Amino acid sequence: MKNQYVGDIGDYGKYSLLRAFSESGVKVGINWYLTEDDGSNDGKHISYLEKEDMRRYDPVVFDALKKLVDNGNRSVQAVQDAGLISNALYFDELLKIQGNPPEKEHRRIFWFNKSIDALDEADLIFMDPDNGLLDNNDYLAKNADKYIFPNEVKRYYNEGHNVVYYCHKGRRTYTQWDDYKNAMVDRIPDAKPVILTFHKGTQRSYIFLIHSKDFVRYRKIIEEVQRRWRNLFSEEYTNKGDVAGAPSGEKMTVTKSDGTTITLELRADGQIQMKSSSRPNEYRVQSVDLFCREIGY
């Protein structure tokens, strides 16, 4: 993240997504992976702030970003001060690692450990690098400050946090993108992954790695974001397929008076999936509340 990016079209979707979690009672922590501005044109996509039809997706975030941009106050500190994400925790120390090879590794680890302390009480940690995930933990890689490392994602997750990190498809082929977006899914096999992609401006994707105990709750928040933003946010599957529809627990089978067998199964997203022997190639999904109402409870 750079201060010059604040307020662009990608920020609009990003803060709306994170705000949805905070408004639902999730304690959000943000590691900006803040790097110095570079004088480029990146972050100049702010014309959407002059279009009233864009405001309807999230008026609170839209108005706050428009105010920051109009006042020329484009910085992560201004975002923090605006209180867009209620009760959030932040780590905004500049990531600029210099020195000889051993010093670079030591200083990066020291910087990251400080973020662990700063975001300790967060339920969900958002990692916001300029360029996404590096495919290895190479502290000496070119422009390493612009990337998150796999061991950093894994460290947050293993500390008990749910994690979401920013990345983008860029010039990758679809095969390369498929490998890239699954990189941490493969490294943390017990996590429940969700990939949410924002389609306004350049493609921006948010890769969630969620602990099983929080999956149903987080799914509901993500689905609400998709509903509110219509087709501007969409979900991509990982190599685990439809995680939300995966079975959770044992199946229950009941037989109707006409001999038809109904199989009931609880899904990972907390909904009930029903299949009938009379229509073996079809299934029906509904919420537990609706199911209980239908059977009189």
# chains A, B, ... in the order shown; residues from 1 in each chain; ligands from 1
$ residues_around --residues "Tyr180 of chain A" --least-positions-apart "3" --cutoff "9 Å" --atoms "only C-alpha atoms" --output "list in words"
Leu133, Asp135, Lys169, Arg172, Thr175, Gln176, Trp177, Ala183 and Met184 of chain A
$ residues_around --residues "segment 81-92 of chain A" --least-positions-apart "2" --cutoff "7 Å" --atoms "only C-alpha atoms" --output "MDAnalysis selection string"
chainID A and resid 18:19 22 27:32 34 61 77:79 94 115 118:119 122
$ closest_residue --among "A:Glu223, A:Pro101, A:Lys67, A:Lys146" --to "Asp38 of chain A" --atoms "only C-alpha atoms"
A:Lys146
$ atom_distance --atom1 "atom CA of Phe21 of chain A" --atom2 "atom CA of Ile46 of chain A"
24.4 Å
$ residues_around --residues "Ser212 of chain A" --least-positions-apart "2" --cutoff "10 Å" --atoms "only C-alpha atoms" --output "PyMOL selection string"
chain A and resi 162+190-193+209-210+214-217+268-269
$ write_last_selection --atoms "N, CA and C atoms" --output "PDB file, in the first residue's frame"
ATOM      1  N   ASN A 162      -7.925 -15.184  11.440  1.00  0.00           N
ATOM      2  CA  ASN A 162      -8.324 -15.375  10.059  1.00  0.00           C
ATOM      3  C   ASN A 162      -7.572 -14.336   9.238  1.00  0.00           C
ATOM      4  N   ASP A 190      -5.736 -26.797   6.212  1.00  0.00           N
ATOM      5  CA  ASP A 190      -6.904 -26.856   7.087  1.00  0.00           C
ATOM      6  C   ASP A 190      -7.734 -25.579   7.042  1.00  0.00           C
ATOM      7  N   ALA A 191      -7.267 -24.546   6.330  1.00  0.00           N
ATOM      8  CA  ALA A 191      -8.028 -23.300   6.222  1.00  0.00           C
ATOM      9  C   ALA A 191      -9.169 -23.456   5.224  1.00  0.00           C
ATOM     10  N   LYS A 192     -10.258 -22.735   5.485  1.00  0.00           N
ATOM     11  CA  LYS A 192     -11.380 -22.668   4.548  1.00  0.00           C
ATOM     12  C   LYS A 192     -11.152 -21.447   3.659  1.00  0.00           C
ATOM     13  N   PRO A 193     -10.891 -21.637   2.365  1.00  0.00           N
ATOM     14  CA  PRO A 193     -10.574 -20.491   1.507  1.00  0.00           C
ATOM     15  C   PRO A 193     -11.811 -19.892   0.837  1.00  0.00           C
ATOM     16  N   LEU A 209      -8.447 -16.849   4.155  1.00  0.00           N
ATOM     17  CA  LEU A 209      -8.102 -18.139   4.746  1.00  0.00           C
ATOM     18  C   LEU A 209      -8.731 -18.139   6.135  1.00  0.00           C
ATOM     19  N   ILE A 210      -9.793 -18.927   6.278  1.00  0.00           N
ATOM     20  CA  ILE A 210     -10.687 -18.810   7.432  1.00  0.00           C
ATOM     21  C   ILE A 210     -10.633 -20.080   8.271  1.00  0.00           C
ATOM     22  N   ASP A 214     -15.151 -20.120  12.235  1.00  0.00           N
ATOM     23  CA  ASP A 214     -15.657 -18.814  11.809  1.00  0.00           C
ATOM     24  C   ASP A 214     -16.242 -18.828  10.402  1.00  0.00           C
ATOM     25  N   PHE A 215     -16.197 -19.969   9.736  1.00  0.00           N
ATOM     26  CA  PHE A 215     -16.517 -20.000   8.313  1.00  0.00           C
ATOM     27  C   PHE A 215     -17.958 -19.597   8.021  1.00  0.00           C
ATOM     28  N   VAL A 216     -18.910 -20.126   8.750  1.00  0.00           N
ATOM     29  CA  VAL A 216     -20.318 -19.822   8.481  1.00  0.00           C
ATOM     30  C   VAL A 216     -20.573 -18.325   8.641  1.00  0.00           C
ATOM     31  N   ARG A 217     -20.061 -17.768   9.723  1.00  0.00           N
ATOM     32  CA  ARG A 217     -20.259 -16.334   9.985  1.00  0.00           C
ATOM     33  C   ARG A 217     -19.635 -15.481   8.889  1.00  0.00           C
ATOM     34  N   ALA A 268     -21.002 -26.849   4.946  1.00  0.00           N
ATOM     35  CA  ALA A 268     -20.014 -26.042   5.666  1.00  0.00           C
ATOM     36  C   ALA A 268     -20.476 -24.611   5.867  1.00  0.00           C
ATOM     37  N   ASP A 269     -21.354 -24.105   4.987  1.00  0.00           N
ATOM     38  CA  ASP A 269     -21.839 -22.737   5.131  1.00  0.00           C
ATOM     39  C   ASP A 269     -23.030 -22.632   6.073  1.00  0.00           C
TER      40      ASP A 269
END
$ select_by_dssp --residues "segment 90-295 of chain A" --states "alpha helix (DSSP H)" --output "PyMOL selection string"
chain A and resi 101-118+150-158+174-181+183-187+215-229+288-294
$ closest_residue --among "A:Ala144, A:Tyr5, A:Trp229, A:Leu17" --to "Met54 of chain A" --atoms "only C-alpha atoms"
A:Trp229
$ closest_residue --among "A:Ser234, A:Thr202, A:Thr263, A:Thr35" --to "Asp11 of chain A" --atoms "only C-alpha atoms"
A:Thr202
$ select_by_dssp --residues "segment 70-235 of chain A" --states "strand (DSSP E or B)" --output "PyMOL selection string"
chain A and resi 89-91+124-127+133+148+162-167+192-198+204-210+233-235
$ closest_residue --among "A:Arg230, A:Lys66, A:Arg107, A:Lys2" --to "Pro129 of chain A" --atoms "only C-alpha atoms"
A:Lys2
$ decode --residues "segment 120-131 of chain A" --atoms "N, CA, C and O atoms" --output "PDB file, in the first residue's frame"
ATOM      1  N   ASP A 120      -2.538  -8.184  17.615  1.00  0.00           N
ATOM      2  CA  ASP A 120      -2.771  -9.405  18.393  1.00  0.00           C
ATOM      3  C   ASP A 120      -4.241  -9.675  18.676  1.00  0.00           C
ATOM      4  O   ASP A 120      -4.677 -10.832  18.678  1.00  0.00           O
ATOM      5  N   GLU A 121      -5.034  -8.648  18.914  1.00  0.00           N
ATOM      6  CA  GLU A 121      -6.431  -8.837  19.298  1.00  0.00           C
ATOM      7  C   GLU A 121      -7.389  -8.889  18.115  1.00  0.00           C
ATOM      8  O   GLU A 121      -8.608  -8.979  18.292  1.00  0.00           O
ATOM      9  N   ALA A 122      -6.886  -8.864  16.892  1.00  0.00           N
ATOM     10  CA  ALA A 122      -7.744  -8.886  15.711  1.00  0.00           C
ATOM     11  C   ALA A 122      -8.283 -10.290  15.441  1.00  0.00           C
ATOM     12  O   ALA A 122      -7.582 -11.284  15.612  1.00  0.00           O
ATOM     13  N   ASP A 123      -9.527 -10.346  15.003  1.00  0.00           N
ATOM     14  CA  ASP A 123     -10.115 -11.617  14.544  1.00  0.00           C
ATOM     15  C   ASP A 123      -9.717 -11.886  13.103  1.00  0.00           C
ATOM     16  O   ASP A 123      -9.435 -13.019  12.725  1.00  0.00           O
ATOM     17  N   LEU A 124      -9.734 -10.826  12.291  1.00  0.00           N
ATOM     18  CA  LEU A 124      -9.411 -10.914  10.867  1.00  0.00           C
ATOM     19  C   LEU A 124      -8.302  -9.930  10.558  1.00  0.00           C
ATOM     20  O   LEU A 124      -8.431  -8.737  10.834  1.00  0.00           O
ATOM     21  N   ILE A 125      -7.197 -10.420  10.001  1.00  0.00           N
ATOM     22  CA  ILE A 125      -6.087  -9.546   9.620  1.00  0.00           C
ATOM     23  C   ILE A 125      -6.059  -9.404   8.106  1.00  0.00           C
ATOM     24  O   ILE A 125      -6.023 -10.397   7.375  1.00  0.00           O
ATOM     25  N   PHE A 126      -6.080  -8.149   7.654  1.00  0.00           N
ATOM     26  CA  PHE A 126      -5.976  -7.841   6.236  1.00  0.00           C
ATOM     27  C   PHE A 126      -4.557  -7.411   5.922  1.00  0.00           C
ATOM     28  O   PHE A 126      -4.012  -6.511   6.549  1.00  0.00           O
ATOM     29  N   MET A 127      -3.955  -8.059   4.928  1.00  0.00           N
ATOM     30  CA  MET A 127      -2.600  -7.762   4.473  1.00  0.00           C
ATOM     31  C   MET A 127      -2.707  -7.057   3.125  1.00  0.00           C
ATOM     32  O   MET A 127      -3.287  -7.590   2.187  1.00  0.00           O
ATOM     33  N   ASP A 128      -2.112  -5.849   3.035  1.00  0.00           N
ATOM     34  CA  ASP A 128      -2.375  -4.981   1.882  1.00  0.00           C
ATOM     35  C   ASP A 128      -1.098  -4.593   1.128  1.00  0.00           C
ATOM     36  O   ASP A 128      -0.736  -3.422   1.059  1.00  0.00           O
ATOM     37  N   PRO A 129      -0.403  -5.568   0.536  1.00  0.00           N
ATOM     38  CA  PRO A 129       0.846  -5.263  -0.177  1.00  0.00           C
ATOM     39  C   PRO A 129       0.589  -4.590  -1.522  1.00  0.00           C
ATOM     40  O   PRO A 129      -0.497  -4.692  -2.087  1.00  0.00           O
ATOM     41  N   ASP A 130       1.607  -3.934  -2.055  1.00  0.00           N
ATOM     42  CA  ASP A 130       1.490  -3.332  -3.385  1.00  0.00           C
ATOM     43  C   ASP A 130       1.206  -4.385  -4.450  1.00  0.00           C
ATOM     44  O   ASP A 130       0.362  -4.190  -5.327  1.00  0.00           O
ATOM     45  N   ASN A 131       1.941  -5.497  -4.394  1.00  0.00           N
ATOM     46  CA  ASN A 131       1.928  -6.458  -5.508  1.00  0.00           C
ATOM     47  C   ASN A 131       1.390  -7.830  -5.170  1.00  0.00           C
ATOM     48  O   ASN A 131       1.396  -8.710  -6.029  1.00  0.00           O
TER      49      ASN A 131
END
